[in-house]
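Undergrad: A single structure is presented below for examination.
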Amino acid sequence: MRTLGLFFTVVRRDAFLVVCGVFLIVVVGLALIGIHYTGYTYDQISDASLLPPSRAHWFGTDVNGHDLLTRTLYGAQISLFVAATGTIVSLTVGVTYGMISGYAGGRVDNLMMRLVEIIYSLPTLVLVIVLVTSLDGPIASLLKGAGLTQFPPRLVLIVIFLGLTEWLTMARIIRGQVLVLKEQAFVQASLALGQSHLRILWQHLFPNLTGIIVVYLTLTIPAIMLDESFMSFLGVGVPAPLASWGTLVSDAASLINPIRLYWWMLIFPGGFMTLTLLALNFLGDGLRDALDPRVRK
């Protein structure tokens, strides 16, 4: 609560951060609520192909006659869902791994960090693309056999694997903080009183790590969103008829030609994605300032 209080204090003092926060709230509200009032559905096909913005279609239409405003808001749902869920996976793995490594120390810490360095050396995004395309069929059969046909298998794989590639930096940061904190007097006192290692980790060390975790949260969300958009741009991301901002930008790029420019296809989804990423990064900087005592002074 104290961390949130400091954050909102810093945000209120900076009009630009207030604008960023309001923009993110508006984007989420439009994606969850506003999409139901556009008059169209995200997969509704019509003969009105590639129409420029008008009263009937505020953002114009795409090559299949979809209303681009509806598709953009639906793309916001998918992009934000992938980013938020992947971030939860990343933070869960990274925080747990880093805390265990730093607290254990010695050979265990050395072995765990060597594993992190090995994974760091791999082209993780290429590996994610290979895994998603390879496991798409088997996971689809598995979900179908379990009666979970409402979950697109590729979307599930993207969330899991992108989350499992973004935990490395968090693990190293948390491990470094734990190495310092475990030498503090309150941890040594807890050990002398006979408290279990698990209790020390989650009741004494974890609360002192929440600040850095929240800061990294604001950096992981845009990172995963960018990775998903890049995969969708390459055609190995969100499957049709679903859409993310990356797939919409990919559709626009496929229509670029020297004869006619369908500018609305690129400007609106690309603009929403760019502004959202900028707002998240600026808010992350504000949160970092809120938690830095030197800046607060």
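Residue numbering restarts at 1 for every chain of the structure tokens, chains are lettered A, B, ... in their displayed order, and ligands are numbered from 1 as they appear.
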At a cut-off of 12 Å, using only C-alpha atoms, what residues contact Val26 (chain A)? Leave out same-chain residues fewer than 4 positions from it and give the result as a list in words.
TA: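 That gives Val19, Cys20, Gly21, Val22, Leu30, Ala31, Leu32, Ile33, Gly34, Leu73, Ala76, Phe272, Leu275, Thr276 and Ala279 of chain A.
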Undergrad: Take the residues just selected and output them with N, CA, C and O atoms as a compact mmCIF listing (two decimals), in the first residue's frame.
TA:
# COMPACT_ATOMS: atom_id res chain seq x y z
N VAL A 19 -1.74 11.93 -17.92
CA VAL A 19 -2.27 11.69 -19.26
C VAL A 19 -2.03 10.23 -19.69
O VAL A 19 -2.91 9.59 -20.26
N CYS A 20 -0.83 9.71 -19.39
CA CYS A 20 -0.52 8.31 -19.73
C CYS A 20 -1.45 7.35 -19.00
O CYS A 20 -1.97 6.39 -19.59
N GLY A 21 -1.67 7.60 -17.71
CA GLY A 21 -2.55 6.73 -16.94
C GLY A 21 -3.98 6.78 -17.45
O GLY A 21 -4.64 5.74 -17.58
N VAL A 22 -4.48 7.98 -17.75
CA VAL A 22 -5.84 8.12 -18.27
C VAL A 22 -5.96 7.42 -19.62
O VAL A 22 -6.97 6.76 -19.91
N LEU A 30 -12.29 0.90 -23.58
CA LEU A 30 -12.78 0.73 -24.95
C LEU A 30 -12.70 -0.74 -25.38
O LEU A 30 -13.61 -1.25 -26.03
N ALA A 31 -11.61 -1.41 -25.00
CA ALA A 31 -11.43 -2.80 -25.40
C ALA A 31 -12.46 -3.72 -24.74
O ALA A 31 -12.95 -4.66 -25.36
N LEU A 32 -12.80 -3.42 -23.48
CA LEU A 32 -13.72 -4.30 -22.74
C LEU A 32 -15.18 -3.91 -22.89
O LEU A 32 -16.06 -4.78 -22.94
N ILE A 33 -15.45 -2.61 -22.98
CA ILE A 33 -16.83 -2.14 -22.98
C ILE A 33 -17.20 -1.48 -24.31
O ILE A 33 -18.24 -1.81 -24.90
N GLY A 34 -16.35 -0.58 -24.79
CA GLY A 34 -16.68 0.16 -26.00
C GLY A 34 -16.88 -0.69 -27.22
O GLY A 34 -17.64 -0.34 -28.13
N LEU A 73 -10.21 -2.61 -31.50
CA LEU A 73 -10.54 -2.79 -30.08
C LEU A 73 -10.45 -4.26 -29.68
O LEU A 73 -10.03 -4.58 -28.57
N ALA A 76 -6.93 -5.03 -29.21
CA ALA A 76 -6.46 -4.56 -27.90
C ALA A 76 -6.74 -5.61 -26.83
O ALA A 76 -5.90 -5.84 -25.94
N PHE A 272 -2.49 2.90 -31.93
CA PHE A 272 -2.94 2.42 -30.62
C PHE A 272 -1.83 1.64 -29.93
O PHE A 272 -1.57 1.82 -28.73
N LEU A 275 1.17 4.07 -28.87
CA LEU A 275 0.84 4.93 -27.74
C LEU A 275 0.70 4.14 -26.44
O LEU A 275 1.09 4.61 -25.37
N THR A 276 0.15 2.93 -26.53
CA THR A 276 0.02 2.09 -25.34
C THR A 276 1.38 1.69 -24.80
O THR A 276 1.63 1.73 -23.59
N ALA A 279 2.96 4.74 -23.15
CA ALA A 279 2.33 5.05 -21.87
C ALA A 279 2.81 4.09 -20.78
O ALA A 279 3.10 4.51 -19.65
Undergrad: Determine, counting only C-alpha atoms, which protein, DNA and RNA residues have an atom within 12 Å of an atom of Gly271 (chain A); residues of the same chain fewer than 5 positions away are not included. Present the result as a PDB file with N, CA, C and O atoms, in the first residue's frame.
TA:
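The result, written out as out-v2.pdb:
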ATOM      1  N   VAL A  27      -8.068   3.024 -23.018  1.00  0.00           N
ATOM      2  CA  VAL A  27      -7.846   1.910 -23.940  1.00  0.00           C
ATOM      3  C   VAL A  27      -8.459   0.619 -23.395  1.00  0.00           C
ATOM      4  O   VAL A  27      -9.150  -0.120 -24.120  1.00  0.00           O
ATOM      5  N   PHE A  59     -13.028   3.974 -38.438  1.00  0.00           N
ATOM      6  CA  PHE A  59     -11.639   3.652 -38.775  1.00  0.00           C
ATOM      7  C   PHE A  59     -11.534   3.033 -40.167  1.00  0.00           C
ATOM      8  O   PHE A  59     -10.461   2.546 -40.526  1.00  0.00           O
ATOM      9  N   THR A  72      -9.747  -3.234 -34.198  1.00  0.00           N
ATOM     10  CA  THR A  72      -8.697  -2.610 -33.398  1.00  0.00           C
ATOM     11  C   THR A  72      -8.965  -2.796 -31.908  1.00  0.00           C
ATOM     12  O   THR A  72      -8.050  -3.106 -31.133  1.00  0.00           O
ATOM     13  N   ALA A  76      -6.925  -5.028 -29.208  1.00  0.00           N
ATOM     14  CA  ALA A  76      -6.464  -4.559 -27.895  1.00  0.00           C
ATOM     15  C   ALA A  76      -6.740  -5.608 -26.828  1.00  0.00           C
ATOM     16  O   ALA A  76      -5.902  -5.841 -25.939  1.00  0.00           O
ATOM     17  N   TRP A 245      -3.081  -6.512 -32.311  1.00  0.00           N
ATOM     18  CA  TRP A 245      -2.527  -5.345 -33.011  1.00  0.00           C
ATOM     19  C   TRP A 245      -1.446  -5.777 -33.993  1.00  0.00           C
ATOM     20  O   TRP A 245      -1.291  -5.183 -35.059  1.00  0.00           O
ATOM     21  N   GLY A 246      -0.698  -6.820 -33.673  1.00  0.00           N
ATOM     22  CA  GLY A 246       0.340  -7.296 -34.574  1.00  0.00           C
ATOM     23  C   GLY A 246      -0.229  -7.839 -35.870  1.00  0.00           C
ATOM     24  O   GLY A 246       0.302  -7.575 -36.952  1.00  0.00           O
ATOM     25  N   LEU A 248      -3.096  -7.043 -37.228  1.00  0.00           N
ATOM     26  CA  LEU A 248      -3.679  -5.936 -37.985  1.00  0.00           C
ATOM     27  C   LEU A 248      -2.598  -5.146 -38.717  1.00  0.00           C
ATOM     28  O   LEU A 248      -2.786  -4.733 -39.876  1.00  0.00           O
ATOM     29  N   VAL A 249      -1.474  -4.906 -38.065  1.00  0.00           N
ATOM     30  CA  VAL A 249      -0.361  -4.222 -38.734  1.00  0.00           C
ATOM     31  C   VAL A 249       0.184  -5.085 -39.863  1.00  0.00           C
ATOM     32  O   VAL A 249       0.552  -4.575 -40.933  1.00  0.00           O
ATOM     33  N   TRP A 263      -3.932   3.954 -45.872  1.00  0.00           N
ATOM     34  CA  TRP A 263      -3.252   4.462 -44.682  1.00  0.00           C
ATOM     35  C   TRP A 263      -3.963   4.118 -43.390  1.00  0.00           C
ATOM     36  O   TRP A 263      -3.324   3.911 -42.356  1.00  0.00           O
ATOM     37  N   TRP A 264      -5.310   4.068 -43.431  1.00  0.00           N
ATOM     38  CA  TRP A 264      -6.060   3.813 -42.195  1.00  0.00           C
ATOM     39  C   TRP A 264      -5.804   2.399 -41.649  1.00  0.00           C
ATOM     40  O   TRP A 264      -5.932   2.166 -40.457  1.00  0.00           O
ATOM     41  N   MET A 265      -5.427   1.487 -42.529  1.00  0.00           N
ATOM     42  CA  MET A 265      -5.147   0.118 -42.095  1.00  0.00           C
ATOM     43  C   MET A 265      -3.925   0.058 -41.181  1.00  0.00           C
ATOM     44  O   MET A 265      -3.826  -0.815 -40.320  1.00  0.00           O
ATOM     45  N   LEU A 266      -2.996   0.987 -41.375  1.00  0.00           N
ATOM     46  CA  LEU A 266      -1.761   0.991 -40.596  1.00  0.00           C
ATOM     47  C   LEU A 266      -1.795   1.991 -39.451  1.00  0.00           C
ATOM     48  O   LEU A 266      -1.314   1.708 -38.346  1.00  0.00           O
ATOM     49  N   THR A 276       0.154   2.929 -26.534  1.00  0.00           N
ATOM     50  CA  THR A 276       0.018   2.087 -25.342  1.00  0.00           C
ATOM     51  C   THR A 276       1.384   1.687 -24.798  1.00  0.00           C
ATOM     52  O   THR A 276       1.632   1.729 -23.585  1.00  0.00           O
ATOM     53  N   LEU A 277       2.299   1.299 -25.688  1.00  0.00           N
ATOM     54  CA  LEU A 277       3.648   0.933 -25.258  1.00  0.00           C
ATOM     55  C   LEU A 277       4.365   2.126 -24.633  1.00  0.00           C
ATOM     56  O   LEU A 277       5.052   1.983 -23.609  1.00  0.00           O
ATOM     57  N   LEU A 278       4.221   3.300 -25.233  1.00  0.00           N
ATOM     58  CA  LEU A 278       4.850   4.497 -24.675  1.00  0.00           C
ATOM     59  C   LEU A 278       4.287   4.828 -23.292  1.00  0.00           C
ATOM     60  O   LEU A 278       5.035   5.160 -22.368  1.00  0.00           O
TER      61      LEU A 278
END
Undergrad: As a PyMOL selection string, please: all residues of region 108-289 of chain A that backbone DSSP puts in helix (DSSP H, G or I).
TA: chain A and resi 108-120+124-145+153-165+167-181+185-192+197-233+245-254+263-289
Undergrad: Using only C-alpha atoms, determine which residues lie at most 9 Å from Thr38 (chain A), disregarding the query and same-chain residues fewer than 4 positions distant; provide the list as a list in words.
TA: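 Non-adjacent residues within range: Gly34, His57, Asp67, Leu69 and Thr70 of chain A.
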Undergrad: Using the selection just defined, write its residues with C-alpha atoms as a CSV table (one decimal), in the first residue's frame.
TA:
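The resulting file, part_22.csv, is reproduced below:
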chain,number,residue,atom,x,y,z
A,34,GLY,CA,-16.7,0.2,-26.0
A,57,HIS,CA,-16.9,3.0,-40.2
A,67,ASP,CA,-15.0,-2.8,-39.4
A,69,LEU,CA,-12.6,0.1,-35.3
A,70,THR,CA,-14.1,-3.1,-33.9
Undergrad: Determine, using only C-alpha atoms, which residues of region 136-251 of chain A have any atom at most 12 Å from an atom of region 41-47 of chain A, and tabulate each with its shortest atom pair and distance in Å to one decimal place, rows ordered by chain and then rising number, as JSON lines.
TA:
{"residue": "A:Ala240", "atom": "CA", "partner": "A:Asp43", "partner_atom": "CA", "distance": 9.3}
{"residue": "A:Pro241", "atom": "CA", "partner": "A:Asp43", "partner_atom": "CA", "distance": 6.4}
{"residue": "A:Leu242", "atom": "CA", "partner": "A:Asp43", "partner_atom": "CA", "distance": 8.0}
{"residue": "A:Ala243", "atom": "CA", "partner": "A:Tyr42", "partner_atom": "CA", "distance": 8.3}
{"residue": "A:Ser244", "atom": "CA", "partner": "A:Tyr42", "partner_atom": "CA", "distance": 11.0}
{"residue": "A:Leu248", "atom": "CA", "partner": "A:Tyr42", "partner_atom": "CA", "distance": 11.9}
Undergrad: Write the residues you've just listed into a file as a PDB file, in the first residue's frame, and include C-alpha atoms for each of them.
TA:
ATOM      1  CA  ALA A 240      -7.459 -16.090 -37.604  1.00  0.00           C
ATOM      2  CA  PRO A 241     -10.240 -15.058 -37.163  1.00  0.00           C
ATOM      3  CA  LEU A 242      -8.766 -13.713 -33.911  1.00  0.00           C
ATOM      4  CA  ALA A 243      -6.802 -10.497 -34.213  1.00  0.00           C
ATOM      5  CA  SER A 244      -4.167  -8.665 -32.257  1.00  0.00           C
ATOM      6  CA  LEU A 248      -3.679  -5.936 -37.985  1.00  0.00           C
TER       7      LEU A 248
END
Undergrad: So how far away is CA of Gly163 (chain A) from CA of Arg114 (chain A), in Å?
TA: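 Distance between the two atoms: 20.1 Å.
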Undergrad: If you count only C-alpha atoms, which residues fall within 8 Å of Ile173 (chain A), apart from same-chain ones fewer than 4 positions away, as a PyMOL selection string?
TA: chain A and resi 98+169+177
